[in-house]
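Just entry00.txt here, compact mmCIF, C-alpha atoms:
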```txt
# COMPACT_ATOMS: atom_id res chain seq x y z
CA MET A 1 0.00 0.00 0.00
CA SER A 2 1.31 3.43 -0.86
CA GLY A 3 0.94 5.95 1.92
CA GLN A 4 1.32 4.99 5.61
CA ALA A 5 -1.53 3.49 7.62
CA LEU A 6 -0.92 6.18 10.27
CA THR A 7 -2.25 8.79 7.88
CA PHE A 8 -5.76 7.29 8.02
CA THR A 9 -8.11 9.56 9.91
CA SER A 10 -11.47 7.78 9.81
CA ASP A 11 -12.98 4.40 10.64
CA LEU A 12 -14.75 4.47 7.24
CA ALA A 13 -12.95 3.83 3.93
CA VAL A 14 -14.22 4.34 0.39
CA VAL A 15 -12.47 1.74 -1.76
CA TYR A 16 -12.62 2.22 -5.52
CA LEU A 17 -11.49 -0.56 -7.85
CA ALA A 18 -9.83 0.92 -10.96
CA ARG A 19 -9.08 -1.75 -13.56
CA HIS A 20 -6.49 -0.46 -16.01
CA ALA A 21 -7.73 -2.68 -18.85
CA GLU A 22 -11.06 -0.81 -18.92
CA GLY A 23 -9.33 2.38 -20.06
CA LYS A 24 -9.57 5.98 -18.97
CA GLY A 25 -13.27 6.54 -19.72
CA PRO A 26 -14.95 4.69 -16.80
CA VAL A 27 -12.33 5.85 -14.30
CA SER A 28 -12.64 9.50 -15.37
CA LYS A 29 -16.44 9.27 -15.18
CA PHE A 30 -16.23 7.92 -11.65
CA ILE A 31 -13.72 10.55 -10.47
CA GLU A 32 -15.85 13.34 -11.97
CA SER A 33 -18.91 12.07 -10.09
CA PHE A 34 -16.87 11.56 -6.91
CA GLU A 35 -15.72 15.18 -7.03
CA ARG A 36 -19.13 16.53 -8.05
CA TYR A 37 -21.23 15.03 -5.25
CA PRO A 38 -20.18 15.72 -1.64
CA PRO A 39 -20.11 12.56 0.49
CA GLY A 40 -21.57 14.22 3.58
CA ILE A 41 -19.38 12.29 6.04
CA ALA A 42 -15.66 11.98 6.82
CA HIS A 43 -13.83 9.04 5.28
CA ASP A 44 -10.52 7.81 3.90
CA CYS A 45 -10.06 7.22 0.16
CA VAL A 46 -8.31 4.11 -1.13
CA VAL A 47 -7.98 3.03 -4.76
CA ILE A 48 -7.21 -0.53 -5.83
CA LYS A 49 -5.05 -0.24 -8.94
CA LYS A 50 -5.71 -3.48 -10.78
CA GLY A 51 -3.35 -4.43 -13.60
CA PHE A 52 -1.57 -1.09 -13.77
CA PRO A 53 1.78 -1.07 -15.63
CA PRO A 54 4.98 -0.03 -13.83
CA GLY A 55 5.54 3.70 -13.60
CA LYS A 56 2.99 6.48 -13.82
CA SER A 57 0.17 6.36 -16.38
CA ALA A 58 -2.58 8.78 -17.35
CA LEU A 59 -4.94 6.91 -15.02
CA ASP A 60 -2.60 7.45 -12.08
CA LYS A 61 -2.85 11.21 -12.56
CA VAL A 62 -6.66 11.06 -12.69
CA LEU A 63 -6.90 8.94 -9.55
CA LYS A 64 -4.34 10.85 -7.51
CA ARG A 65 -6.64 13.88 -7.42
CA ALA A 66 -9.06 12.14 -5.07
CA PHE A 67 -7.37 8.97 -3.79
CA PRO A 68 -4.15 9.51 -1.81
CA HIS A 69 -3.91 5.84 -0.76
CA SER A 70 -3.52 3.01 -3.23
CA ILE A 71 -3.19 -0.75 -3.29
CA SER A 72 -1.60 -2.25 -6.41
CA ILE A 73 -2.53 -5.77 -7.53
CA SER A 74 -2.21 -7.80 -10.72
CA ASP A 75 -5.04 -8.11 -13.20
CA ASP A 76 -5.66 -11.71 -12.13
CA GLY A 77 -8.93 -12.58 -10.45
CA PHE A 78 -12.23 -10.78 -10.19
CA ASP A 79 -13.66 -7.75 -8.39
CA ILE A 80 -14.34 -9.74 -5.21
CA ASN A 81 -10.74 -10.99 -5.11
CA ALA A 82 -9.59 -7.37 -5.27
CA TYR A 83 -12.01 -6.29 -2.54
CA ALA A 84 -10.79 -9.14 -0.34
CA LYS A 85 -7.14 -8.14 -0.72
CA ALA A 86 -7.95 -4.56 0.22
CA ALA A 87 -10.13 -5.52 3.19
CA ALA A 88 -7.33 -7.70 4.57
CA GLN A 89 -4.93 -4.73 4.60
CA LEU A 90 -7.12 -1.89 5.83
CA PRO A 91 -7.76 -1.01 9.50
CA HIS A 92 -11.20 0.56 9.05
CA ARG A 93 -14.41 -0.59 10.71
CA HIS A 94 -16.63 0.02 7.67
CA VAL A 95 -15.72 -0.12 4.00
CA VAL A 96 -17.56 0.91 0.85
CA PHE A 97 -16.59 -0.98 -2.29
CA LEU A 98 -17.19 0.58 -5.72
CA ASN A 99 -16.30 -1.09 -9.01
CA THR A 100 -14.65 0.46 -12.06
CA PHE A 101 -17.95 1.37 -13.74
CA SER A 102 -19.54 3.04 -10.71
CA GLU A 103 -20.85 6.59 -11.03
CA ILE A 104 -22.18 8.51 -8.01
CA THR A 105 -25.46 10.32 -8.60
CA SER A 106 -26.46 12.04 -5.34
CA ASP A 107 -25.25 14.56 -2.78
CA ASN A 108 -24.46 13.06 0.63
CA TRP A 109 -24.34 9.63 -0.95
CA LEU A 110 -21.88 8.23 1.58
CA ARG A 111 -23.77 9.58 4.58
CA LYS A 112 -26.94 7.98 3.18
CA LEU A 113 -25.25 4.58 2.95
CA HIS A 114 -23.68 4.96 6.38
CA SER A 115 -26.95 6.03 8.01
CA ALA A 116 -28.40 2.58 7.29
CA PHE A 117 -26.02 1.23 9.95
CA ALA A 118 -27.68 3.34 12.62
CA ASP A 119 -29.78 0.19 12.85
CA PRO A 120 -27.38 -2.33 14.44
CA ALA A 121 -29.33 -5.15 12.78
CA VAL A 122 -28.16 -4.04 9.29
CA GLY A 123 -25.36 -6.21 7.95
CA ILE A 124 -24.94 -4.78 4.45
CA ALA A 125 -26.25 -1.77 2.55
CA GLY A 126 -26.12 -1.80 -1.23
CA ALA A 127 -26.80 0.87 -3.81
CA THR A 128 -28.71 -1.74 -5.82
CA GLY A 129 -30.23 -5.15 -5.27
CA SER A 130 -32.07 -7.71 -7.36
CA TYR A 131 -34.41 -10.68 -7.05
CA GLU A 132 -33.05 -12.19 -10.26
CA SER A 133 -32.02 -15.82 -10.46
CA PRO A 134 -29.55 -16.69 -13.24
CA LEU A 135 -31.11 -20.17 -13.18
CA SER A 136 -34.66 -18.94 -13.75
CA SER A 137 -33.66 -16.22 -16.23
CA MET A 138 -31.60 -18.57 -18.35
CA LYS A 139 -34.39 -21.16 -18.35
CA ASN A 140 -36.85 -18.55 -19.57
CA VAL A 141 -34.56 -17.29 -22.33
CA GLN A 142 -33.50 -20.79 -23.33
CA LYS A 143 -37.15 -21.78 -23.61
CA GLY A 144 -37.77 -18.96 -26.07
CA TRP A 145 -34.71 -20.01 -28.06
CA TRP A 146 -35.72 -23.68 -27.99
CA LEU A 147 -39.22 -22.84 -29.17
CA PHE A 148 -37.78 -20.73 -31.97
CA GLN A 149 -35.75 -23.71 -33.13
CA ASN A 150 -38.59 -26.20 -32.82
CA GLU A 151 -41.39 -24.08 -34.22
CA ARG A 152 -39.43 -22.57 -37.09
CA ILE A 153 -36.09 -23.37 -38.75
CA PRO A 154 -33.48 -25.05 -36.53
CA ILE A 155 -30.25 -23.11 -36.08
CA PRO A 156 -27.40 -25.59 -35.50
CA ASP A 157 -24.87 -23.29 -33.84
CA GLY A 158 -26.82 -23.09 -30.60
CA PHE A 159 -27.68 -20.37 -28.15
CA GLN A 160 -24.51 -20.32 -26.09
CA ARG A 161 -22.18 -20.23 -29.10
CA LEU A 162 -24.16 -17.41 -30.71
CA PHE A 163 -24.11 -15.27 -27.57
CA ARG A 164 -20.41 -15.93 -27.04
CA ALA A 165 -19.66 -14.77 -30.57
CA ILE A 166 -21.74 -11.65 -30.08
CA ARG A 167 -20.04 -10.77 -26.82
CA THR A 168 -16.49 -11.34 -28.05
CA GLY A 169 -16.75 -10.27 -31.68
CA LEU A 170 -18.54 -6.94 -31.38
CA PRO A 171 -17.60 -3.69 -29.63
CA LYS A 172 -18.77 -3.83 -25.99
CA GLN A 173 -21.57 -1.26 -26.27
CA LEU A 174 -22.97 -2.78 -29.47
CA ALA A 175 -22.68 -6.31 -28.07
CA THR A 176 -24.64 -5.27 -24.98
CA LYS A 177 -27.40 -3.86 -27.15
CA VAL A 178 -27.59 -6.94 -29.39
CA VAL A 179 -27.66 -9.31 -26.41
CA ALA A 180 -30.37 -7.24 -24.69
CA THR A 181 -32.51 -7.35 -27.84
CA ALA A 182 -32.06 -11.11 -28.19
CA ILE A 183 -32.80 -11.81 -24.53
CA SER A 184 -35.95 -9.67 -24.54
CA HIS A 185 -37.17 -11.36 -27.74
CA PHE A 186 -36.69 -14.93 -26.55
CA ALA A 187 -37.88 -14.22 -23.01
CA ALA A 188 -41.11 -12.75 -24.39
CA ARG A 189 -41.49 -15.65 -26.79
CA SER A 190 -41.30 -18.22 -23.98
CA SER A 191 -44.50 -16.82 -22.45
CA ARG A 192 -46.63 -17.20 -25.59
CA HIS A 193 -46.39 -20.55 -27.31
CA ASP A 194 -48.03 -23.90 -27.90
CA CYS A 195 -48.16 -25.44 -24.39
CA THR A 196 -48.09 -28.95 -25.83
CA LEU A 197 -44.33 -28.46 -26.24
CA ASP A 198 -43.73 -27.84 -22.52
CA ASP A 199 -42.92 -31.45 -21.61
CA LYS A 200 -40.42 -31.72 -24.46
CA PHE A 201 -38.73 -28.52 -23.35
CA GLU A 202 -38.53 -29.72 -19.73
CA THR A 203 -36.70 -32.84 -20.95
CA TYR A 204 -34.31 -30.68 -22.96
CA TRP A 205 -33.76 -28.35 -19.99
CA ALA A 206 -33.11 -31.24 -17.59
CA ASN A 207 -30.31 -32.38 -19.90
CA GLU A 208 -28.88 -28.86 -20.12
CA ILE A 209 -28.59 -28.44 -16.33
CA GLY A 210 -27.91 -32.09 -15.53
CA PRO A 211 -24.46 -33.57 -14.84
CA GLY A 212 -22.22 -32.77 -17.78
CA GLY A 213 -24.80 -30.43 -19.30
CA ALA A 214 -23.83 -27.10 -20.85
CA LEU A 215 -25.52 -25.21 -18.01
CA ALA A 216 -24.87 -27.56 -15.10
CA ARG A 217 -23.19 -24.71 -13.19
CA LEU A 218 -26.59 -23.04 -12.76
CA ASN A 219 -27.75 -25.77 -10.38
CA ASP A 220 -25.91 -23.93 -7.60
CA MET A 221 -28.16 -20.91 -8.09
CA PRO A 222 -31.46 -20.47 -6.20
CA ALA A 223 -34.62 -20.13 -8.28
CA PHE A 224 -36.52 -16.84 -8.51
CA PRO A 225 -37.04 -14.85 -6.31
CA ASN A 226 -33.38 -14.72 -5.33
CA PRO A 227 -32.80 -11.47 -3.37
CA HIS A 228 -29.20 -10.33 -3.28
CA VAL A 229 -27.21 -7.13 -3.04
CA ARG A 230 -25.32 -6.38 -6.23
CA THR A 231 -21.60 -6.01 -5.53
CA ASN A 232 -21.01 -2.99 -7.77
CA ALA A 233 -21.45 -0.62 -4.80
CA PHE A 234 -22.07 -1.59 -1.17
CA MET A 235 -21.11 -0.81 2.43
CA ILE A 236 -20.29 -3.44 5.03
CA GLU A 237 -18.30 -3.93 8.21
CA ARG A 238 -14.84 -4.88 7.04
CA GLN A 239 -14.52 -7.85 9.39
CA VAL A 240 -17.98 -9.13 8.50
CA PHE A 241 -17.00 -9.02 4.83
CA LEU A 242 -13.82 -10.98 5.51
CA ASP A 243 -15.76 -13.51 7.57
CA THR A 244 -18.27 -14.11 4.76
CA LEU A 245 -15.70 -14.75 2.04
CA PRO A 246 -15.54 -18.30 0.62
CA GLU A 247 -12.30 -20.26 0.66
CA SER A 248 -11.56 -19.29 -2.92
CA ILE A 249 -13.00 -17.49 -5.95
CA GLU A 250 -11.18 -18.93 -8.95
CA THR A 251 -13.68 -18.70 -11.81
CA LYS A 252 -16.25 -16.25 -13.11
CA ASN A 253 -18.95 -18.64 -11.96
CA ASP A 254 -17.46 -18.56 -8.45
CA SER A 255 -17.83 -14.77 -8.44
CA TYR A 256 -21.46 -15.06 -9.59
CA LEU A 257 -22.11 -17.56 -6.81
CA PHE A 258 -20.62 -15.19 -4.25
CA GLU A 259 -22.92 -12.40 -5.39
CA SER A 260 -26.16 -14.33 -5.90
CA GLY A 261 -25.67 -17.99 -5.00
CA SER A 262 -27.39 -19.98 -2.25
CA ASP A 263 -24.24 -19.67 -0.12
CA GLY A 264 -23.28 -16.20 -1.33
CA LEU A 265 -22.70 -12.90 0.43
CA THR A 266 -26.35 -11.97 0.98
CA ARG A 267 -27.33 -15.42 2.26
CA ARG A 268 -24.36 -15.48 4.64
CA ILE A 269 -25.32 -12.07 6.03
CA LEU A 270 -28.92 -13.24 6.55
CA ARG A 271 -27.74 -16.39 8.33
CA ARG A 272 -26.01 -14.12 10.84
CA GLY A 273 -29.43 -12.71 11.72
CA LEU A 274 -28.60 -9.39 10.06
CA ARG A 275 -30.68 -7.30 7.66
CA VAL A 276 -29.87 -6.64 4.01
CA VAL A 277 -30.96 -3.26 2.65
CA VAL A 278 -30.77 -1.14 -0.49
CA VAL A 279 -30.27 2.59 -0.06
CA GLY A 280 -31.75 4.97 -2.60
CA ALA A 281 -30.80 8.52 -3.55
CA ASP A 282 -33.69 9.58 -1.31
CA GLY A 283 -31.65 8.34 1.66
CA ARG A 284 -34.15 5.65 2.59
CA ALA A 285 -32.97 2.16 3.49
CA TYR A 286 -35.30 -0.29 1.72
CA ALA A 287 -35.88 -3.71 3.29
CA MET A 288 -35.67 -6.73 0.97
CA ASP A 289 -39.42 -6.91 0.51
CA GLU A 290 -39.44 -3.26 -0.60
CA TRP A 291 -36.72 -3.40 -3.24
CA ALA A 292 -39.13 -3.77 -6.16
CA GLU A 293 -40.69 -0.45 -5.15
CA SER A 294 -37.41 1.41 -4.57
CA GLY A 295 -37.08 3.10 -7.97
CA THR A 296 -33.55 1.78 -8.32
CA PHE A 297 -32.14 -1.08 -10.41
CA ARG A 298 -34.18 -1.82 -13.58
CA LEU A 299 -37.24 -0.04 -12.20
CA GLY A 300 -38.85 2.64 -14.35
CA ASP A 301 -36.42 5.46 -15.05
CA GLN A 302 -34.19 4.36 -12.13
CA ARG A 303 -34.38 7.89 -10.78
CA ASN A 304 -33.69 6.81 -7.20
CA LEU A 305 -30.28 5.27 -7.94
CA LEU A 306 -27.57 6.31 -5.50
CA VAL A 307 -24.81 4.86 -7.70
CA LYS A 308 -25.04 3.99 -11.40
CA ASP A 309 -22.97 1.35 -13.19
CA ASN A 310 -22.65 -0.21 -16.64
CA GLN A 311 -25.73 -2.40 -16.04
CA THR A 312 -27.99 0.48 -15.02
CA ARG A 313 -26.76 2.52 -17.99
CA ALA A 314 -27.42 -0.41 -20.34
CA PHE A 315 -31.00 -0.60 -19.01
CA GLN A 316 -31.44 3.13 -19.51
CA ASN A 317 -30.48 2.74 -23.19
CA MET A 318 -32.91 -0.13 -23.89
CA ASN A 319 -36.19 0.32 -25.70
CA ALA A 320 -39.51 -0.22 -23.89
CA ALA A 321 -39.83 -3.90 -24.83
CA GLU A 322 -36.29 -4.68 -23.71
CA GLN A 323 -36.81 -2.85 -20.43
CA ARG A 324 -40.00 -4.81 -19.76
CA ALA A 325 -38.18 -8.10 -20.33
CA PHE A 326 -35.27 -7.20 -18.05
CA THR A 327 -37.54 -5.77 -15.35
CA THR A 328 -39.51 -9.02 -15.37
CA MET A 329 -36.32 -11.10 -15.10
CA THR A 330 -35.14 -8.93 -12.21
CA TRP A 331 -38.37 -8.44 -10.25
CA GLY A 332 -41.02 -10.82 -11.63
CA ASP A 333 -44.22 -10.35 -13.62
CA ASP A 334 -45.94 -8.41 -10.85
CA GLN A 335 -43.32 -6.52 -8.91
CA SER A 336 -45.70 -5.31 -6.20
CA SER A 337 -46.84 -8.83 -5.31
CA ARG A 338 -43.46 -10.58 -5.34
CA ARG A 339 -41.89 -11.03 -1.91
CA PRO A 340 -38.79 -13.11 -1.26
CA ALA A 341 -39.26 -15.90 1.23
CA GLY A 342 -38.00 -15.08 4.70
CA SER A 343 -37.92 -11.30 4.19
```
How would this structure read if it were set down as structure tokens?
Amino acid sequence: MSGQALTFTSDLAVVYLARHAEGKGPVSKFIESFERYPPGIAHDCVVIKKGFPPGKSALDKVLKRAFPHSISISDDGFDINAYAKAAAQLPHRHVVFLNTFSEITSDNWLRKLHSAFADPAVGIAGATGSYESPLSSMKNVQKGWWLFQNERIPIPDGFQRLFRAIRTGLPKQLATKVVATAISHFAARSSRHDCTLDDKFETYWANEIGPGGALARLNDMPAFPNPHVRTNAFMIERQVFLDTLPESIETKNDSYLFESGSDGLTRRILRRGLRVVVVGADGRAYAMDEWAESGTFRLGDQRNLLVKDNQTRAFQNMNAAEQRAFTTMTWGDDQSSRRPAGS
């Protein structure tokens, strides 16, 4: 860590993960928002410099304006690995983790997050949460794709190969748009079809998620509703975070499981008897059963977001049909009537 631990002046640290491979754009956008919106509470600033080359780069100059303390790590691993390394080194009681694509949107944003912990029963406060289940969402989209193949002209390349080609072969922004359009189309299609095909699809799906199936990894995911705090921006007691970490996070699927799996961060916090809340720009801490009415992630115009990210911006740029599909995947068909079990 650059800078001495003795120079820390607060028991609260804001930790920003800057991944060099993402370029100057996202980092500059975050720093501009960080400087624009006052935090409303004292804190220390620490940046995790992930995959930075030796010497000073243009990104170093941008970050130095606001972040006097830095932790340098390789580009190996995922966001959670980076958060874990920082948490193990810092002395603070509470930490706020923000990823590369974060963008603050509200005055007093840090005080609003911190105020949630005035309730000692709160274990984690996120800027966004979701009820989405990757298992349920993928089943819904796969069903639309399967019906397309079986009701029209079969396409031999398959769903996974097509999406992989889209994601890797197109510029990131265009790929996101194409994938969103495809997902919304096939998700909508799965809800209007000849029901006589349902049994055949269930057989196909059982093979996909069964042992050795292309989507077997999804079996470790809870079905919808699957409430979890998204790890793009959240506050937590540093020691609680360290205590909830799994033994290892070696693959992308491991990182997904930590965020939204049946033994992930949110579930581990709940098992401690602690509450999990989402904090909006209005400063209110929303309980899990209120998230679908919070005006935050994938809800309407998302005007109550405390912190934006690449996923909230992608939703903002979708057309109405795409937004409906993603809102349904995230919150269910009837958001007001969906309540996660145990909330």
Problem set entry | Non-local contacts of region 126-135 of chain A (6 Å; all atoms listed in the file; under 2 positions in same chain excluded) as a PyMOL selection string | chain A and resi 137-138+218+221+223-230+233-234+278-279+297+306-307+329-331
For this session: Provide the CA of His69 (chain A) to CA of His114 (chain A) distance in Å, to one decimal place.
Result: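 Calculated distance between CA of His69 (chain A) and CA of His114 (chain A) is 21.0 Å.
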Exercise. Rounded to one decimal in Å, what is the spacing between CA of Ser57 (chain A) and CA of Asp76 (chain A)?
Worked result: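 Here the two named atoms are 19.5 Å from each other.
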Exercise. Which is closest to Ala125 (chain A) among A:Thr244, A:Thr327, A:Asn317, A:Asn232, if we use only C-alpha atoms?
Worked result: A:Asn232
Problem set entry | Residue list as a PyMOL selection string for point (-21.4, 15.7, -6.0), cut-off 8 Å, all atoms listed in the file | chain A and resi 33-39+104-108
For this session: Go ahead and compute the interatomic distance for CA of Thr251 (chain A) and CA of Asn81 (chain A), in Å to one decimal.
Result: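 Value for the CA of Thr251 (chain A)-CA of Asn81 (chain A) distance: 10.6 Å.
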Please write as a PDB file with C-alpha atoms, in the frame of the given file the list of polymer residues whose atoms come within 10 Å of (-22.8, 4.5, -20.2), counting all atoms listed in the file and keeping to the coordinates of the file.
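As written to disk, point_19.pdb reads:
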```pdb
ATOM      1  CA  GLY A  25     -13.270   6.540 -19.720  1.00  0.00           C
ATOM      2  CA  PRO A  26     -14.950   4.690 -16.800  1.00  0.00           C
ATOM      3  CA  LYS A  29     -16.440   9.270 -15.180  1.00  0.00           C
ATOM      4  CA  PHE A 101     -17.950   1.370 -13.740  1.00  0.00           C
ATOM      5  CA  GLU A 103     -20.850   6.590 -11.030  1.00  0.00           C
ATOM      6  CA  GLN A 173     -21.570  -1.260 -26.270  1.00  0.00           C
ATOM      7  CA  LYS A 308     -25.040   3.990 -11.400  1.00  0.00           C
ATOM      8  CA  ASP A 309     -22.970   1.350 -13.190  1.00  0.00           C
ATOM      9  CA  ASN A 310     -22.650  -0.210 -16.640  1.00  0.00           C
ATOM     10  CA  GLN A 311     -25.730  -2.400 -16.040  1.00  0.00           C
ATOM     11  CA  THR A 312     -27.990   0.480 -15.020  1.00  0.00           C
ATOM     12  CA  ARG A 313     -26.760   2.520 -17.990  1.00  0.00           C
ATOM     13  CA  ALA A 314     -27.420  -0.410 -20.340  1.00  0.00           C
ATOM     14  CA  PHE A 315     -31.000  -0.600 -19.010  1.00  0.00           C
ATOM     15  CA  GLN A 316     -31.440   3.130 -19.510  1.00  0.00           C
ATOM     16  CA  ASN A 317     -30.480   2.740 -23.190  1.00  0.00           C
TER      17      ASN A 317
END
```
Problem set entry | Nearest to Met235 (chain A) by atom-to-atom distance, counting only C-alpha atoms, from A:Leu90, A:Ala66, A:Phe30, A:Lys112 |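 Between A:Leu90, A:Ala66, A:Phe30, A:Lys112, the residue approaching Met235 (chain A) most closely is A:Lys112.
The smallest atom-to-atom distance between Asp79 (chain A) and any of A:Trp205, A:Tyr16, A:Phe326, A:Tyr286, using all atoms listed in the file, is found for A:Tyr16.
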Name all residues at most 9 Å from Ala18 (chain A) (count all atoms listed in the file; drop same-chain ones fewer than 2 positions away) and give them as an mmCIF file with C-alpha atoms, in the frame of the given file.
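Heads up, here's the output in selection-v8.cif:
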```cif
data_model
loop_
_atom_site.group_PDB
_atom_site.id
_atom_site.type_symbol
_atom_site.label_atom_id
_atom_site.label_comp_id
_atom_site.auth_asym_id
_atom_site.auth_seq_id
_atom_site.Cartn_x
_atom_site.Cartn_y
_atom_site.Cartn_z
ATOM 1 C CA TYR A 16 -12.620 2.220 -5.520
ATOM 2 C CA HIS A 20 -6.490 -0.460 -16.010
ATOM 3 C CA ALA A 21 -7.730 -2.680 -18.850
ATOM 4 C CA GLU A 22 -11.060 -0.810 -18.920
ATOM 5 C CA PRO A 26 -14.950 4.690 -16.800
ATOM 6 C CA VAL A 27 -12.330 5.850 -14.300
ATOM 7 C CA VAL A 47 -7.980 3.030 -4.760
ATOM 8 C CA ILE A 48 -7.210 -0.530 -5.830
ATOM 9 C CA LYS A 49 -5.050 -0.240 -8.940
ATOM 10 C CA LYS A 50 -5.710 -3.480 -10.780
ATOM 11 C CA GLY A 51 -3.350 -4.430 -13.600
ATOM 12 C CA PHE A 52 -1.570 -1.090 -13.770
ATOM 13 C CA LEU A 59 -4.940 6.910 -15.020
ATOM 14 C CA LEU A 63 -6.900 8.940 -9.550
ATOM 15 C CA ASN A 99 -16.300 -1.090 -9.010
ATOM 16 C CA THR A 100 -14.650 0.460 -12.060
ATOM 17 C CA PHE A 101 -17.950 1.370 -13.740
#
```
For this session: Can you pull out every residue within 12 Å of Arg268 (chain A), counting only C-alpha atoms, but drop anything in the same chain fewer than 3 positions away, and send it as a VMD selection string?
Result: chain A and resid 123 to 124 228 to 229 240 to 246 257 to 265 271 to 276
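The nearest approach to Gln239 (chain A) among the residues A:Arg284, A:Glu202, A:His92, A:Arg65, with all atoms listed in the file taken into account, belongs to A:His92.
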For this session: Find the residues around Tyr204 (chain A) up to 10 Å (all atoms listed in the file counted), leave out those fewer than 4 positions away in its own chain, and share them as JSON, numbers by chain.
Result: {"A": [142, 143, 146, 198, 199, 200, 208, 209, 210]}
Exercise. Between A:Ala82, A:Val96, A:Val277, A:Leu215, which is the closest to Ser136 (chain A) once you count only C-alpha atoms?
Worked result: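 The shortest atom-to-atom distance to Ser136 (chain A) comes from A:Leu215.
Nearest residue to Ser74 (chain A), choosing from A:Gly280, A:Pro54, A:Gly40, A:Gly212 and counting only C-alpha atoms: A:Pro54.
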Using the structure block above, produce a file of region 20-38 of chain A that contains N, CA and C atoms, as a compact mmCIF listing (two decimals), in the first residue's frame.
```
# COMPACT_ATOMS: atom_id res chain seq x y z
N HIS A 20 -7.18 -1.17 -14.94
CA HIS A 20 -6.49 -0.46 -16.01
C HIS A 20 -6.98 -0.89 -17.38
N ALA A 21 -7.32 -2.16 -17.55
CA ALA A 21 -7.73 -2.68 -18.85
C ALA A 21 -9.01 -2.05 -19.37
N GLU A 22 -9.80 -1.43 -18.48
CA GLU A 22 -11.06 -0.81 -18.92
C GLU A 22 -10.84 0.57 -19.52
N GLY A 23 -9.63 1.09 -19.43
CA GLY A 23 -9.33 2.38 -20.06
C GLY A 23 -9.67 3.56 -19.18
N LYS A 24 -9.43 4.74 -19.73
CA LYS A 24 -9.57 5.98 -18.97
C LYS A 24 -11.02 6.40 -18.78
N GLY A 25 -11.90 6.05 -19.73
CA GLY A 25 -13.27 6.54 -19.72
C GLY A 25 -14.03 6.26 -18.43
N PRO A 26 -14.19 4.98 -18.03
CA PRO A 26 -14.95 4.69 -16.80
C PRO A 26 -14.34 5.30 -15.55
N VAL A 27 -13.00 5.30 -15.47
CA VAL A 27 -12.33 5.85 -14.30
C VAL A 27 -12.56 7.37 -14.22
N SER A 28 -12.41 8.05 -15.35
CA SER A 28 -12.64 9.50 -15.37
C SER A 28 -14.07 9.84 -14.99
N LYS A 29 -15.02 9.04 -15.49
CA LYS A 29 -16.44 9.27 -15.18
C LYS A 29 -16.69 9.12 -13.69
N PHE A 30 -16.06 8.10 -13.08
CA PHE A 30 -16.23 7.92 -11.65
C PHE A 30 -15.63 9.09 -10.87
N ILE A 31 -14.39 9.47 -11.20
CA ILE A 31 -13.72 10.55 -10.47
C ILE A 31 -14.51 11.85 -10.60
N GLU A 32 -15.04 12.13 -11.78
CA GLU A 32 -15.85 13.34 -11.97
C GLU A 32 -17.07 13.32 -11.06
N SER A 33 -17.73 12.17 -10.96
CA SER A 33 -18.91 12.07 -10.09
C SER A 33 -18.50 12.14 -8.61
N PHE A 34 -17.37 11.56 -8.28
CA PHE A 34 -16.87 11.56 -6.91
C PHE A 34 -16.57 12.99 -6.45
N GLU A 35 -16.05 13.79 -7.36
CA GLU A 35 -15.72 15.18 -7.03
C GLU A 35 -16.95 16.08 -7.10
N ARG A 36 -17.93 15.69 -7.87
CA ARG A 36 -19.13 16.53 -8.05
C ARG A 36 -20.07 16.44 -6.86
N TYR A 37 -20.23 15.23 -6.29
CA TYR A 37 -21.23 15.03 -5.25
C TYR A 37 -20.55 14.88 -3.89
N PRO A 38 -20.81 15.81 -2.96
CA PRO A 38 -20.18 15.72 -1.64
C PRO A 38 -20.66 14.48 -0.90
```
